[in-house]
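Pasting coords34.txt here (compact mmCIF, C-alpha atoms and all ligand atoms):
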```
# COMPACT_ATOMS: atom_id res chain seq x y z
CA MET M 1039 -7.20 0.43 10.50
CA THR M 1040 -3.60 0.11 9.52
CA SER M 1041 -1.84 1.81 6.63
CA THR M 1042 -1.52 -0.46 3.63
CA ARG M 1043 1.24 1.39 1.85
CA PRO M 1044 4.36 -0.52 2.95
CA ARG M 1045 2.69 -3.86 2.30
CA ARG M 1046 1.85 -2.83 -1.25
CA LEU M 1047 5.53 -2.69 -2.06
CA ARG M 1048 6.25 -6.25 -1.02
CA ARG M 1049 8.10 -7.99 -3.79
CA THR M 1050 6.42 -11.05 -5.25
CA SER M 1051 7.07 -13.33 -8.14
CA ALA M 1052 5.17 -16.03 -9.93
CA THR M 1053 5.80 -18.66 -12.52
CA ASN M 1054 4.70 -18.04 -16.09
CA ALA M 1055 3.48 -20.54 -18.67
CA HIS M 1056 7.04 -21.53 -19.57
CA GLY M 1057 7.89 -22.33 -15.98
CA GLU M 1058 10.08 -19.26 -15.60
CA ARG M 1059 9.69 -17.12 -12.56
CA GLN M 1060 8.10 -13.83 -13.48
CA HIS M 1061 7.61 -10.61 -11.57
CA ARG M 1062 4.12 -9.75 -10.52
CA ASN M 1063 3.00 -6.19 -10.69
CA VAL M 1064 4.71 -4.97 -7.54
CA LYS M 1065 3.98 -1.26 -7.59
CA SER M 1066 0.32 -1.03 -8.51
CA GLY M 1067 -0.89 -3.16 -5.65
CA GLY M 1068 -4.43 -1.85 -5.98
CA ALA M 1069 -5.98 -5.30 -5.75
CA ARG M 1070 -4.00 -6.16 -2.64
CA ALA M 1071 -4.80 -2.79 -1.06
CA ALA M 1072 -8.48 -3.48 -1.66
CA VAL M 1073 -8.23 -6.91 -0.02
CA PHE M 1074 -6.47 -5.37 3.00
CA GLY M 1075 -9.29 -2.83 3.21
CA VAL M 1076 -11.88 -5.60 3.16
CA SER M 1077 -9.89 -7.45 5.83
CA ASP M 1078 -9.73 -4.34 8.04
CA GLY M 1079 -13.47 -3.78 7.75
CA LEU M 1080 -14.20 -7.42 8.44
CA VAL M 1081 -12.02 -7.75 11.55
CA THR M 1082 -13.18 -4.39 12.91
CA ASN M 1083 -16.87 -5.09 12.53
CA VAL M 1084 -16.84 -8.79 13.46
CA SER M 1085 -15.23 -7.83 16.76
CA LEU M 1086 -17.39 -4.75 17.24
CA ILE M 1087 -20.60 -6.65 16.54
CA LEU M 1088 -19.65 -9.59 18.75
CA GLY M 1089 -18.53 -7.23 21.50
CA VAL M 1090 -21.90 -5.54 21.56
CA ALA M 1091 -23.79 -8.82 21.02
CA GLY M 1092 -21.89 -10.35 23.96
CA ALA M 1093 -23.87 -8.09 26.28
CA HIS M 1094 -27.12 -9.46 24.78
CA PRO M 1095 -28.84 -6.15 24.11
CA ALA M 1096 -31.80 -5.78 21.72
CA GLY M 1097 -31.05 -6.72 18.11
CA THR M 1098 -31.51 -3.10 17.05
CA VAL M 1099 -28.60 -2.05 19.30
CA VAL M 1100 -26.27 -4.54 17.61
CA ARG M 1101 -27.51 -3.41 14.19
CA LEU M 1102 -26.94 0.26 15.01
CA SER M 1103 -23.48 -0.43 16.44
CA GLY M 1104 -22.50 -2.40 13.33
CA LEU M 1105 -23.76 0.34 11.00
CA ALA M 1106 -21.96 3.02 13.01
CA GLY M 1107 -18.80 0.90 12.98
CA LEU M 1108 -19.05 0.49 9.21
CA VAL M 1109 -19.51 4.19 8.49
CA ALA M 1110 -17.00 5.42 11.08
CA GLY M 1111 -14.32 2.95 9.97
CA ALA M 1112 -14.85 3.56 6.26
CA PHE M 1113 -14.58 7.33 6.71
CA SER M 1114 -11.53 6.93 8.90
CA MET M 1115 -9.82 4.76 6.26
CA ALA M 1116 -10.75 7.14 3.45
CA ALA M 1117 -9.58 10.20 5.39
CA GLY M 1118 -6.28 8.52 6.29
CA GLU M 1119 -5.66 7.54 2.68
CA LEU M 1120 -6.59 10.99 1.38
CA VAL M 1121 -4.33 12.84 3.82
CA SER M 1122 -1.33 10.53 3.45
CA MET M 1123 -1.51 10.31 -0.35
CA GLN M 1124 -1.99 14.06 -0.71
CA ALA M 1125 1.00 14.68 1.55
CA GLN M 1126 3.08 12.23 -0.50
CA ARG M 1127 1.99 13.90 -3.75
CA ASP M 1128 2.82 17.36 -2.41
CA LEU M 1129 6.25 16.14 -1.36
CA PHE M 1130 6.92 14.50 -4.74
CA GLU M 1131 5.73 17.58 -6.62
CA ARG M 1132 7.97 19.84 -4.58
CA GLU M 1133 10.95 17.58 -5.26
CA LEU M 1134 10.06 17.49 -8.96
CA GLU M 1135 9.92 21.29 -9.02
CA ILE M 1136 13.39 21.48 -7.47
CA GLU M 1137 14.69 19.01 -10.06
CA ARG M 1138 13.00 20.91 -12.91
CA GLU M 1139 14.68 24.13 -11.80
CA ALA M 1140 18.04 22.46 -11.49
CA LEU M 1141 17.70 21.06 -15.01
CA GLU M 1142 16.93 24.51 -16.39
CA ARG M 1143 19.60 26.38 -14.47
CA ASN M 1144 22.42 23.94 -14.56
CA PRO M 1145 21.91 21.33 -17.29
CA ASP M 1146 25.61 20.52 -17.44
CA ALA M 1147 25.89 19.59 -13.76
CA GLU M 1148 22.68 17.57 -14.07
CA ARG M 1149 24.10 15.70 -17.06
CA ARG M 1150 27.28 14.90 -15.14
CA GLU M 1151 25.12 13.73 -12.21
CA LEU M 1152 23.36 11.31 -14.54
CA VAL M 1153 26.67 10.07 -15.96
CA ALA M 1154 27.89 9.37 -12.41
CA ILE M 1155 24.70 7.48 -11.59
CA TYR M 1156 25.03 5.30 -14.70
CA GLN M 1157 28.72 4.67 -13.92
CA ARG M 1158 27.82 3.52 -10.42
CA ARG M 1159 25.44 1.07 -12.09
CA GLY M 1160 28.41 -0.41 -13.90
CA LEU M 1161 28.37 1.36 -17.26
CA THR M 1162 31.62 2.52 -18.83
CA LEU M 1163 32.25 6.28 -18.93
CA ALA M 1164 31.76 6.40 -22.69
CA PHE M 1165 28.48 4.54 -22.60
CA ALA M 1166 27.23 6.41 -19.50
CA SER M 1167 28.00 9.74 -21.19
CA GLU M 1168 26.23 8.72 -24.36
CA LEU M 1169 23.17 7.52 -22.45
CA ALA M 1170 23.04 10.67 -20.31
CA GLU M 1171 23.33 12.77 -23.46
CA LEU M 1172 20.33 10.99 -24.98
CA MET M 1173 18.26 11.31 -21.81
CA MET M 1174 19.01 15.03 -21.48
CA ARG M 1175 17.97 15.88 -25.03
CA ASP M 1176 14.25 16.25 -24.35
CA PRO M 1177 13.34 18.26 -21.19
CA GLN M 1178 10.39 15.99 -20.36
CA THR M 1179 12.46 12.82 -20.68
CA ALA M 1180 15.26 14.48 -18.71
CA LEU M 1181 12.94 15.33 -15.82
CA GLN M 1182 11.40 11.86 -15.79
CA THR M 1183 14.82 10.23 -15.86
CA HIS M 1184 16.16 12.38 -13.01
CA ALA M 1185 13.01 11.78 -10.98
CA ARG M 1186 13.39 8.03 -11.40
CA GLU M 1187 17.13 7.83 -10.89
CA GLU M 1188 17.50 10.34 -8.04
CA LEU M 1189 14.13 10.39 -6.28
CA GLY M 1190 12.94 6.91 -7.15
CA ILE M 1191 9.57 8.20 -8.37
CA ASP M 1192 7.68 7.99 -11.62
CA PRO M 1193 6.22 11.47 -12.18
CA THR M 1194 3.60 10.07 -14.56
CA ALA M 1195 2.24 7.70 -11.89
CA LEU M 1196 1.88 9.67 -8.68
CA GLY M 1197 -1.57 8.20 -7.98
CA SER M 1198 -4.86 9.90 -7.21
CA PRO M 1199 -5.59 10.63 -3.52
CA VAL M 1200 -9.34 10.87 -4.16
CA LEU M 1201 -9.43 7.56 -6.01
CA ALA M 1202 -7.43 5.91 -3.23
CA ALA M 1203 -9.78 7.35 -0.61
CA VAL M 1204 -12.90 6.19 -2.44
CA SER M 1205 -11.57 2.67 -2.95
CA SER M 1206 -10.47 2.46 0.71
CA PHE M 1207 -13.95 3.53 1.80
CA ALA M 1208 -15.62 0.95 -0.45
CA ALA M 1209 -13.28 -1.89 0.56
CA PHE M 1210 -13.66 -1.27 4.29
CA ALA M 1211 -17.44 -0.87 3.95
CA LEU M 1212 -17.71 -4.18 2.09
CA GLY M 1213 -15.71 -6.04 4.74
CA ALA M 1214 -17.68 -4.40 7.55
CA LEU M 1215 -21.02 -5.13 5.89
CA LEU M 1216 -20.56 -8.93 5.73
CA PRO M 1217 -20.85 -9.74 9.48
CA LEU M 1218 -23.60 -7.12 9.76
CA ILE M 1219 -25.92 -8.74 7.19
CA PRO M 1220 -27.39 -11.29 9.67
CA TRP M 1221 -28.36 -8.42 11.99
CA LEU M 1222 -30.11 -6.59 9.15
CA VAL M 1223 -32.44 -9.53 8.60
CA GLY M 1224 -32.50 -11.29 11.99
CA ARG M 1225 -31.78 -11.06 15.69
CA GLY M 1226 -30.77 -13.01 18.78
CA ASN M 1227 -28.66 -16.17 18.80
CA GLY M 1228 -29.55 -16.94 15.20
CA ALA M 1229 -28.05 -13.66 14.02
CA LEU M 1230 -25.08 -14.11 16.35
CA ILE M 1231 -24.22 -17.55 14.97
CA ALA M 1232 -24.80 -16.43 11.39
CA SER M 1233 -22.56 -13.42 12.00
CA VAL M 1234 -19.76 -15.64 13.33
CA LEU M 1235 -20.12 -18.03 10.35
CA VAL M 1236 -20.21 -15.26 7.76
CA GLY M 1237 -17.23 -13.57 9.45
CA GLY M 1238 -15.27 -16.84 9.47
CA VAL M 1239 -16.00 -17.68 5.85
CA ALA M 1240 -15.16 -14.11 4.79
CA ALA M 1241 -11.87 -14.20 6.74
CA ILE M 1242 -10.93 -17.45 4.99
CA GLY M 1243 -11.89 -15.89 1.64
CA VAL M 1244 -9.69 -12.86 2.33
CA GLY M 1245 -6.81 -15.17 3.26
CA VAL M 1246 -7.21 -17.22 0.08
CA VAL M 1247 -7.21 -14.12 -2.14
CA LEU M 1248 -4.21 -12.68 -0.29
CA GLY M 1249 -2.36 -15.97 -0.62
CA VAL M 1250 -2.98 -16.02 -4.38
CA LEU M 1251 -2.04 -12.35 -4.83
CA THR M 1252 1.19 -12.60 -2.86
CA GLY M 1253 2.17 -16.00 -4.23
CA ARG M 1254 2.36 -17.54 -0.78
CA SER M 1255 0.70 -20.54 0.81
CA VAL M 1256 -3.06 -20.11 0.45
CA LEU M 1257 -3.72 -22.46 3.37
CA LYS M 1258 -1.43 -20.54 5.71
CA ALA M 1259 -2.83 -17.18 4.67
CA ALA M 1260 -6.40 -18.38 5.17
CA ALA M 1261 -5.59 -19.89 8.58
CA ARG M 1262 -3.86 -16.69 9.68
CA GLN M 1263 -6.76 -14.47 8.65
CA LEU M 1264 -9.23 -16.76 10.39
CA LEU M 1265 -7.12 -16.80 13.54
CA VAL M 1266 -6.78 -13.01 13.64
CA ALA M 1267 -10.52 -12.49 13.19
CA ALA M 1268 -11.35 -15.21 15.73
CA VAL M 1269 -9.03 -13.82 18.40
CA ALA M 1270 -10.31 -10.25 17.93
CA ALA M 1271 -13.93 -11.42 18.03
CA ALA M 1272 -13.38 -13.68 21.05
CA VAL M 1273 -11.72 -10.91 23.04
CA THR M 1274 -14.44 -8.34 22.35
CA TYR M 1275 -17.21 -10.90 22.91
CA GLY M 1276 -15.63 -11.66 26.29
CA ILE M 1277 -15.50 -7.96 27.14
CA GLY M 1278 -19.15 -7.61 26.10
CA ARG M 1279 -20.13 -10.51 28.36
CA VAL M 1280 -18.19 -9.17 31.36
CA VAL M 1281 -19.04 -5.49 31.04
CA GLY M 1282 -22.59 -6.03 29.85
CA VAL M 1283 -25.10 -3.25 29.43
CA SER M 1284 -26.01 -2.64 33.07
CA THR M 1285 -24.71 0.58 34.55
ZN ZN M 1301 19.19 15.80 -11.13
```
Go through the file and emit its structure as structure tokens.
Amino acid sequence: MTSTRPRRLRRTSATNAHGERQHRNVKSGGARAAVFGVSDGLVTNVSLILGVAGAHPAGTVVRLSGLAGLVAGAFSMAAGELVSMQAQRDLFERELEIEREALERNPDAERRELVAIYQRRGLTLAFASELAELMMRDPQTALQTHAREELGIDPTALGSPVLAAVSSFAAFALGALLPLIPWLVGRGNGALIASVLVGGVAAIGVGVVLGVLTGRSVLKAAARQLLVAAVAAAVTYGIGRVVGVST
């Protein structure tokens, strides 16, 4: 259940139809965040289910554990996303308020600040002054420009905490559901083997999608996902075998 935020910002590029390298959408990594959520749910529940199944309890125990793991993990992901995005929003909004006040109280100093920023970017004084003048003309444009240049944020795209929480919940739940399906319809070794197979195929699928989305080697990404899921599942299965259900 790791945070997906830093990974969303990873820079990627792809080649367009003319063979030129083109930027992919770096900031709105919603699709990638969803895949990471699915991956988290998958790894969590494959290892949870195999850990419990390793002790060979009744099929209903494995089913209950898997369901509890799904719900607990999905809520945990959603809560984490909600709290962190709300905190980020609050911080941004406070900074925006400070900037808005500064623009109202001291527009001249703010204009000079903008000129200095443009000069540091390599513009001549004349051109930087002209550009700053244009940007400062409309209060809304001025605030957006200062937010982008000074704070590095786009005030029109702060993101919805609730939407992020709901999509995290859904993504985790989907990933967690896959290895659980065999236990909803079957039991015993059959369900165990089916769970391992479904988990493995799903891990490869996640790797393939991640590879495509990040423009990296699909084969490597798939192998890495499979390895991570396999190691986690093997460790918990081993623990389940050793610890068992006897008290
Ligand atoms: Zn400013």
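Nearest to ligand ZN 1301 (chain M) of all the residues M:Asp1176, M:Glu1168, M:Glu1137, M:Glu1142 is M:Glu1137, counting all atoms listed in the file.
Distances here use only C-alpha atoms; by that measure, the residue among M:Val1273, M:Leu1080, M:Ala1091, M:Arg1150 closest to M:Leu1163 is M:Arg1150.
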Counting all atoms listed in the file, which residues in chain M sit no more than 9 Å from ligand ZN 1301 (chain M)? For each one, give the nearest pair of atoms and the distance in Å, sorted by chain then residue number, as CSV.
```
residue,atom,partner,partner_atom,distance
M:Ile1136,CA,M:ZN1301,ZN,8.9
M:Glu1137,CA,M:ZN1301,ZN,5.6
M:Arg1138,CA,M:ZN1301,ZN,8.2
M:Ala1140,CA,M:ZN1301,ZN,6.8
M:Leu1141,CA,M:ZN1301,ZN,6.7
M:Pro1145,CA,M:ZN1301,ZN,8.7
M:Ala1147,CA,M:ZN1301,ZN,8.1
M:Glu1148,CA,M:ZN1301,ZN,4.9
M:Arg1149,CA,M:ZN1301,ZN,7.7
M:Glu1151,CA,M:ZN1301,ZN,6.4
M:Leu1152,CA,M:ZN1301,ZN,7.0
M:Ala1180,CA,M:ZN1301,ZN,8.6
M:Leu1181,CA,M:ZN1301,ZN,7.8
M:Thr1183,CA,M:ZN1301,ZN,8.5
M:His1184,CA,M:ZN1301,ZN,4.9
M:Ala1185,CA,M:ZN1301,ZN,7.4
M:Glu1187,CA,M:ZN1301,ZN,8.2
M:Glu1188,CA,M:ZN1301,ZN,6.5
M:Leu1189,CA,M:ZN1301,ZN,8.9
```
Next item on the list: Would you kindly return, as a ChimeraX atom specification, each protein, DNA or RNA residue with an atom no farther than 10 Å from any atom of M:Ile1219, considering all atoms listed in the file and excluding same-chain residues fewer than 3 positions away?
Entry: /M:1101,1104,1214-1216,1222-1224,1229,1232-1233,1236
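With only C-alpha atoms as the basis for measurement, M:Pro1193 is the residue among M:Leu1088, M:Pro1193, M:Leu1230, M:Ser1206 that approaches M:Arg1132 most closely.
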Residue contacts of M:Val1204 (9 Å, only C-alpha atoms) excluding same-chain residues fewer than 3 positions away, as a PDB file with C-alpha atoms, in the coordinates of the input:
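Contents of out_11.pdb, freshly written:
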```
ATOM      1  CA  ALA M1116     -10.750   7.140   3.450  1.00  0.00           C
ATOM      2  CA  GLU M1119      -5.660   7.540   2.680  1.00  0.00           C
ATOM      3  CA  LEU M1120      -6.590  10.990   1.380  1.00  0.00           C
ATOM      4  CA  PRO M1199      -5.590  10.630  -3.520  1.00  0.00           C
ATOM      5  CA  VAL M1200      -9.340  10.870  -4.160  1.00  0.00           C
ATOM      6  CA  LEU M1201      -9.430   7.560  -6.010  1.00  0.00           C
ATOM      7  CA  PHE M1207     -13.950   3.530   1.800  1.00  0.00           C
ATOM      8  CA  ALA M1208     -15.620   0.950  -0.450  1.00  0.00           C
ATOM      9  CA  ALA M1209     -13.280  -1.890   0.560  1.00  0.00           C
TER      10      ALA M1209
END
```
Check: Interatomic distance between atom CA of M:Ala1112 and atom CA of M:Ser1077?
Finding: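 Atom CA of M:Ala1112 sits 12.1 Å away from atom CA of M:Ser1077.
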Checklist line | Nearby residues (all atoms listed in the file) at most 12 Å from M:Ala1202, same-chain spacing under 4 positions excluded, as a PyMOL selection string | finding: chain M and resi 1042-1043+1066-1069+1071-1072+1075+1115-1124+1196-1198+1206-1209
Next item on the list: Considering only C-alpha atoms, state which residue in the set M:Phe1074, M:Tyr1275, M:Phe1113, M:Phe1130 is at the smallest distance from M:Thr1194.
Entry: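 Nearest candidate to M:Thr1194 out of M:Phe1074, M:Tyr1275, M:Phe1113, M:Phe1130: M:Phe1130.
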Note to self: Given all atoms listed in the file as the basis, pick out the residue of M:Ile1277, M:Ala1259, M:Leu1108, M:Val1234 nearest to M:Val1247.
What the structure shows: M:Ala1259
Note to self: Report, in Å to a single decimal, how far apart atom CA of M:Gly1092 and atom CA of M:Ala1267 are.
What the structure shows: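 Distance between the two atoms: 15.8 Å.
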Item checked: Computed interatomic separation between atom CA of M:Val1280 and atom CA of M:Pro1095 (Å) ->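 Atom-to-atom, atom CA of M:Val1280 to atom CA of M:Pro1095, that is 13.2 Å.
Distances from M:Arg1254, M:Gly1089, M:Gly1228, M:Ala1261 to M:Val1281 were compared using all atoms listed in the file, and the smallest one belongs to M:Gly1089.
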Expected answer as a CSV table (one decimal) with C-alpha atoms, in the frame of the given file: all residues with atoms within 10 Å of (-13.4, -14.9, 9.1), all atoms listed in the file:
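Heads up, here's the output in selection34.csv:
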```csv
chain,number,residue,atom,x,y,z
M,1077,SER,CA,-9.9,-7.4,5.8
M,1080,LEU,CA,-14.2,-7.4,8.4
M,1081,VAL,CA,-12.0,-7.8,11.6
M,1084,VAL,CA,-16.8,-8.8,13.5
M,1216,LEU,CA,-20.6,-8.9,5.7
M,1217,PRO,CA,-20.8,-9.7,9.5
M,1233,SER,CA,-22.6,-13.4,12.0
M,1234,VAL,CA,-19.8,-15.6,13.3
M,1235,LEU,CA,-20.1,-18.0,10.4
M,1236,VAL,CA,-20.2,-15.3,7.8
M,1237,GLY,CA,-17.2,-13.6,9.4
M,1238,GLY,CA,-15.3,-16.8,9.5
M,1239,VAL,CA,-16.0,-17.7,5.8
M,1240,ALA,CA,-15.2,-14.1,4.8
M,1241,ALA,CA,-11.9,-14.2,6.7
M,1242,ILE,CA,-10.9,-17.4,5.0
M,1243,GLY,CA,-11.9,-15.9,1.6
M,1244,VAL,CA,-9.7,-12.9,2.3
M,1245,GLY,CA,-6.8,-15.2,3.3
M,1260,ALA,CA,-6.4,-18.4,5.2
M,1261,ALA,CA,-5.6,-19.9,8.6
M,1262,ARG,CA,-3.9,-16.7,9.7
M,1263,GLN,CA,-6.8,-14.5,8.6
M,1264,LEU,CA,-9.2,-16.8,10.4
M,1265,LEU,CA,-7.1,-16.8,13.5
M,1266,VAL,CA,-6.8,-13.0,13.6
M,1267,ALA,CA,-10.5,-12.5,13.2
M,1268,ALA,CA,-11.4,-15.2,15.7
M,1271,ALA,CA,-13.9,-11.4,18.0
```
